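**Q** I'd like to ask some things about the structure below.
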Amino acid sequence: MSFFKKPSVINRLPVVLSATGKLANSNGRFRGIIRASSYSVASVVSLLMVSAVVPPLVADQSDRAVVNAPVALLTAQVPGDIDAIAVQPGEAVSAGQVIASISNKRIDRSTLIVLEGKATDSREHALAAERMENSNGQYLAVLDKTIADQSDQIAEILGQQIVELKSQQAASASAVQEKKAILDRQKAMVARKVASSEMLGPTQQQYAAALHQMDAETAKLSQKQTQLDGLKKGVFIGDELGGLSTLAQKRHDLDFETQKIAIGRAELEATFADQQKLLEAERDRLTSLAAATVAAPAQGRILNIEAATGRHVGAGDTIA
């Protein structure tokens with residue numbers, strides 16, 4: 001193989017032309033034409049490469065700018081009708097500026113009505129229990145005064161009876177002593193055989209009767225004393241205190257009933273308080289659903305509006 005390159009046509013052309021001596025000047029012009037053509041081809045190729053590479057780069061940078069832009073969707077918090085749109089597309093807004101207002105007149109208030117009914121019933125029952133408790137309290141005060149007045153009167157009567165019974169008991173004791181003395185003398189006379197034993201019979205009977213009388217008066221005195229002591233302690237014993245015993249039992253029953261009413265009233269008031277909390281929570285919920293405003297979360301510019309005044313929107317629908 002030859003390691004020498006074969007001369008090209010162009011390289012040989014000047015030799016031929018020089019040999020002829022006629023085309024020497026044409027050789028320079030031909031080379032200029034070829035060089036200009038090469039530059040033209042290179043320029044065209046460069047332009048094609050630039051036109052093929054630069055637009056994708058520019059487009060990519062533009063797309064990235066759009067994708068990375070902080071765009072926020074302003075949505076409706078509640079379903080309802082658009083009352084007003086406060087901005088226009090392209091308008092600049094500040095953070096917190098109201099974009100649109102929404103009202104909802106089609107709210108289900110059935111839960112609120114049920115809660116209001118229950119709360120009203122609980123309140124009415126609690127007020128009725130309070131009135132009953134107050135009425136019973138007034139009646140108890142009347143019974144206490146009546147019992148106190150009658151107790152004072154009966155205590156005074158019992159005191160007088162006790163004084164009389166003590167006097168009678170003393171007289172009976174004196175009669176017993178007298179009868180005993182007579183009986184003792186008669187027994188002594190019989191023992192000395194001065195008198196007959198038959199005379200002892202009537203005297204023994206009189207003595208026994210005196211003893212019985214004294215025992216009866218002693219028992220009656222003890223009974224009256226016990227009644228008086230019990231009366232001072234609020235314990236009513238005996239037929240004379242039957243009326244007071246009835247009043248005291250009635251007061252006891254009424255007081256027990258009043259305590260039950262007070263417990264029931266406290267439970268009703270607690271229930272009413274719980275129902276009031278539920279009622280207020282439901283009212284707050286309905287208030288939050290009845291109207292809402294859509295505000296800009298940050299400073300920016302409105303790109304487009306996707307709702308109109310009077311249009312019905314659902315929760316989560318895009319406004320702007």
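Ordering of the structure tokens sets the chain letters (A, B, ...), residue numbers begin anew at 1 in every chain, and ligands are numbered from 1 in the order given.
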Mind checking which residues fall within 6 Å of segment 104-114 of chain A, counting only C-alpha atoms, ignoring those fewer than 4 positions away in the same chain, and posting them as a compact mmCIF listing (two decimals) with N, CA and C atoms, in the first residue's frame?
**A**
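The resulting file, result23.txt, is shown below:
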# COMPACT_ATOMS: atom_id res chain seq x y z
N GLY A 80 -73.57 27.72 48.93
CA GLY A 80 -74.48 28.86 48.95
C GLY A 80 -74.46 29.61 47.65
N ALA A 290 -74.05 29.76 57.35
CA ALA A 290 -75.01 30.70 56.75
C ALA A 290 -74.33 31.71 55.84
N ALA A 291 -73.10 32.06 56.13
CA ALA A 291 -72.41 33.06 55.32
C ALA A 291 -70.91 32.86 55.45
**Q** So that I can check the surroundings of Arg185 of chain A, please list as a ChimeraX atom specification every protein, DNA and RNA residue that reaches within 12 Å of it, counting only C-alpha atoms and ignoring chain neighbours fewer than 6 positions away.
**A** /A:178-179,191-192,194-195,197,199-200,203-204
**Q** Store the residues picked out above in a file with C-alpha atoms, as a tab-separated table (two decimals), in the first residue's frame.
**A**
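Writing the result to again_2.tsv gives the following:
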chain	number	residue	atom	x	y	z
A	178	GLU	CA	-102.14	8.04	157.65
A	179	LYS	CA	-103.85	4.80	156.72
A	191	ALA	CA	-102.15	-8.11	169.34
A	192	ARG	CA	-102.84	-6.96	172.89
A	194	VAL	CA	-107.80	-4.98	173.22
A	195	ALA	CA	-109.71	-4.93	169.93
A	197	SER	CA	-109.36	-8.59	164.49
A	199	MET	CA	-111.72	-4.18	162.68
A	200	LEU	CA	-108.54	-4.67	160.63
A	203	THR	CA	-108.59	-0.38	157.55
A	204	GLN	CA	-106.47	-2.70	155.40
**Q** When you count only C-alpha atoms, which of these residues is closest to Ala308 of chain A: A:Val294, A:Ile182, A:Gly201, A:Ala320?
**A**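 That would be A:Ala320, the residue with the smallest distance to Ala308 of chain A.
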**Q** Please provide the set of residues having any atom within 12 Å of Tyr207 of chain A, restricted to only C-alpha atoms, with same-chain residues fewer than 6 positions apart removed, written as a PyMOL selection string.
**A** chain A and resi 172-184+200-201+213-214
**Q** Within 9 Å of segment 238-247 of chain A, counting only C-alpha atoms, which residues show up once you throw out same-chain ones fewer than 4 positions away? Write them as a PyMOL selection string, please.
**A** chain A and resi 143-144+146-147+150-151+154+223+227+231+251-252
**Q** So that I have them on file, write out the residues from the current selection with N, CA and C atoms, as a PDB file, in the first residue's frame.
**A**
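again-v8.pdb, written as the output of this step:
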ATOM      1  N   LEU A 143     -95.881  25.070 108.777  1.00  0.00           N
ATOM      2  CA  LEU A 143     -95.990  23.906 109.663  1.00  0.00           C
ATOM      3  C   LEU A 143     -95.049  24.044 110.860  1.00  0.00           C
ATOM      4  N   ASP A 144     -93.852  24.511 110.624  1.00  0.00           N
ATOM      5  CA  ASP A 144     -92.915  24.687 111.735  1.00  0.00           C
ATOM      6  C   ASP A 144     -93.463  25.672 112.764  1.00  0.00           C
ATOM      7  N   THR A 146     -96.646  26.417 113.249  1.00  0.00           N
ATOM      8  CA  THR A 146     -97.812  25.805 113.891  1.00  0.00           C
ATOM      9  C   THR A 146     -97.378  24.793 114.949  1.00  0.00           C
ATOM     10  N   ILE A 147     -96.434  23.956 114.589  1.00  0.00           N
ATOM     11  CA  ILE A 147     -95.943  22.949 115.534  1.00  0.00           C
ATOM     12  C   ILE A 147     -95.306  23.616 116.750  1.00  0.00           C
ATOM     13  N   GLN A 150     -98.163  25.186 118.932  1.00  0.00           N
ATOM     14  CA  GLN A 150     -98.913  24.152 119.660  1.00  0.00           C
ATOM     15  C   GLN A 150     -98.035  23.467 120.709  1.00  0.00           C
ATOM     16  N   SER A 151     -96.765  23.285 120.399  1.00  0.00           N
ATOM     17  CA  SER A 151     -95.854  22.667 121.371  1.00  0.00           C
ATOM     18  C   SER A 151     -95.726  23.539 122.614  1.00  0.00           C
ATOM     19  N   ILE A 154     -99.047  23.190 124.589  1.00  0.00           N
ATOM     20  CA  ILE A 154     -99.174  21.886 125.253  1.00  0.00           C
ATOM     21  C   ILE A 154     -98.128  21.747 126.357  1.00  0.00           C
ATOM     22  N   GLN A 223     -95.947   9.792 133.409  1.00  0.00           N
ATOM     23  CA  GLN A 223     -96.365   9.894 131.997  1.00  0.00           C
ATOM     24  C   GLN A 223     -96.319  11.338 131.519  1.00  0.00           C
ATOM     25  N   GLN A 227     -94.009  12.936 128.599  1.00  0.00           N
ATOM     26  CA  GLN A 227     -94.573  13.669 127.470  1.00  0.00           C
ATOM     27  C   GLN A 227     -93.925  15.041 127.327  1.00  0.00           C
ATOM     28  N   LEU A 231     -91.770  16.235 124.269  1.00  0.00           N
ATOM     29  CA  LEU A 231     -92.225  17.414 123.526  1.00  0.00           C
ATOM     30  C   LEU A 231     -91.082  18.388 123.301  1.00  0.00           C
ATOM     31  N   ARG A 251     -95.109  17.148 108.188  1.00  0.00           N
ATOM     32  CA  ARG A 251     -93.928  17.956 107.893  1.00  0.00           C
ATOM     33  C   ARG A 251     -92.770  17.087 107.423  1.00  0.00           C
ATOM     34  N   HIS A 252     -92.602  15.945 108.039  1.00  0.00           N
ATOM     35  CA  HIS A 252     -91.527  15.037 107.648  1.00  0.00           C
ATOM     36  C   HIS A 252     -91.702  14.580 106.206  1.00  0.00           C
TER      37      HIS A 252
END
**Q** Which polymer residues have any atom within 9 Å of an atom of segment 69-79 of chain A, counting only C-alpha atoms, with same-chain residues fewer than 5 positions away left out, as JSON, numbers by chain?
**A** {"A": [64, 99, 100, 102, 103, 104, 288, 289, 290, 291, 292, 293, 294, 295, 296, 297, 300, 303, 312, 313, 314, 315, 316, 317, 318, 319, 320]}
**Q** Report, in Å with one decimal, the straight-line distance from atom CA of Leu127 of chain A to atom CA of Arg265 of chain A.
**A**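 Distance reported for this atom pair: 8.0 Å.
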**Q** Between atom CA of Ala270 of chain A and atom CA of Arg123 of chain A, measure the distance and give it in Å to one decimal.
**A**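 Between these atoms lies a distance of 10.1 Å.
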**Q** If you run DSSP on this backbone, which residues of segment 93-302 of chain A come out as strand (DSSP E or B), and could you give them as a list in words?
**A** Val93, Val98, Ile99, Ala100, Ser101, Ile102, Ser103, Ala291, Ala292, Thr293, Val294, Ala295, Gly300 and Arg301 of chain A
**Q** Could you pull the residues within 12 Å of Ile263 of chain A, counting only C-alpha atoms, minus those fewer than 5 positions along the same chain, as a PDB file with N, CA and C atoms, in the first residue's frame?
**A**
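Contents of out-v3.pdb, as written:
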ATOM      1  N   ALA A 126     -87.517  22.486  85.099  1.00  0.00           N
ATOM      2  CA  ALA A 126     -86.687  22.995  86.190  1.00  0.00           C
ATOM      3  C   ALA A 126     -87.370  24.154  86.905  1.00  0.00           C
ATOM      4  N   ALA A 129     -90.166  22.730  89.005  1.00  0.00           N
ATOM      5  CA  ALA A 129     -89.619  22.122  90.221  1.00  0.00           C
ATOM      6  C   ALA A 129     -89.191  23.193  91.217  1.00  0.00           C
ATOM      7  N   GLU A 130     -88.629  24.280  90.712  1.00  0.00           N
ATOM      8  CA  GLU A 130     -88.224  25.364  91.610  1.00  0.00           C
ATOM      9  C   GLU A 130     -89.432  25.998  92.286  1.00  0.00           C
ATOM     10  N   GLU A 133     -90.655  23.608  94.866  1.00  0.00           N
ATOM     11  CA  GLU A 133     -89.740  23.614  96.010  1.00  0.00           C
ATOM     12  C   GLU A 133     -89.969  24.845  96.884  1.00  0.00           C
ATOM     13  N   PHE A 256     -89.272  15.531 103.018  1.00  0.00           N
ATOM     14  CA  PHE A 256     -88.679  14.487 102.175  1.00  0.00           C
ATOM     15  C   PHE A 256     -89.017  14.732 100.707  1.00  0.00           C
ATOM     16  N   GLU A 257     -90.272  15.086 100.455  1.00  0.00           N
ATOM     17  CA  GLU A 257     -90.682  15.372  99.078  1.00  0.00           C
ATOM     18  C   GLU A 257     -89.937  16.590  98.528  1.00  0.00           C
ATOM     19  N   THR A 258     -89.741  17.598  99.368  1.00  0.00           N
ATOM     20  CA  THR A 258     -89.030  18.804  98.942  1.00  0.00           C
ATOM     21  C   THR A 258     -87.584  18.489  98.600  1.00  0.00           C
ATOM     22  N   LEU A 268     -82.258  18.562  86.475  1.00  0.00           N
ATOM     23  CA  LEU A 268     -82.836  19.243  85.311  1.00  0.00           C
ATOM     24  C   LEU A 268     -81.993  20.450  84.913  1.00  0.00           C
ATOM     25  N   GLU A 269     -81.511  21.186  85.893  1.00  0.00           N
ATOM     26  CA  GLU A 269     -80.674  22.339  85.580  1.00  0.00           C
ATOM     27  C   GLU A 269     -79.355  21.901  84.939  1.00  0.00           C
ATOM     28  N   ALA A 270     -78.793  20.787  85.424  1.00  0.00           N
ATOM     29  CA  ALA A 270     -77.567  20.276  84.808  1.00  0.00           C
ATOM     30  C   ALA A 270     -77.836  19.830  83.368  1.00  0.00           C
TER      31      ALA A 270
END
**Q** With distances taken over only C-alpha atoms, which of A:Lys193, A:Lys187, A:Lys145, A:Lys224 is nearest to Ile157 of chain A?
**A**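 Result for the nearest residue to Ile157 of chain A: A:Lys224.
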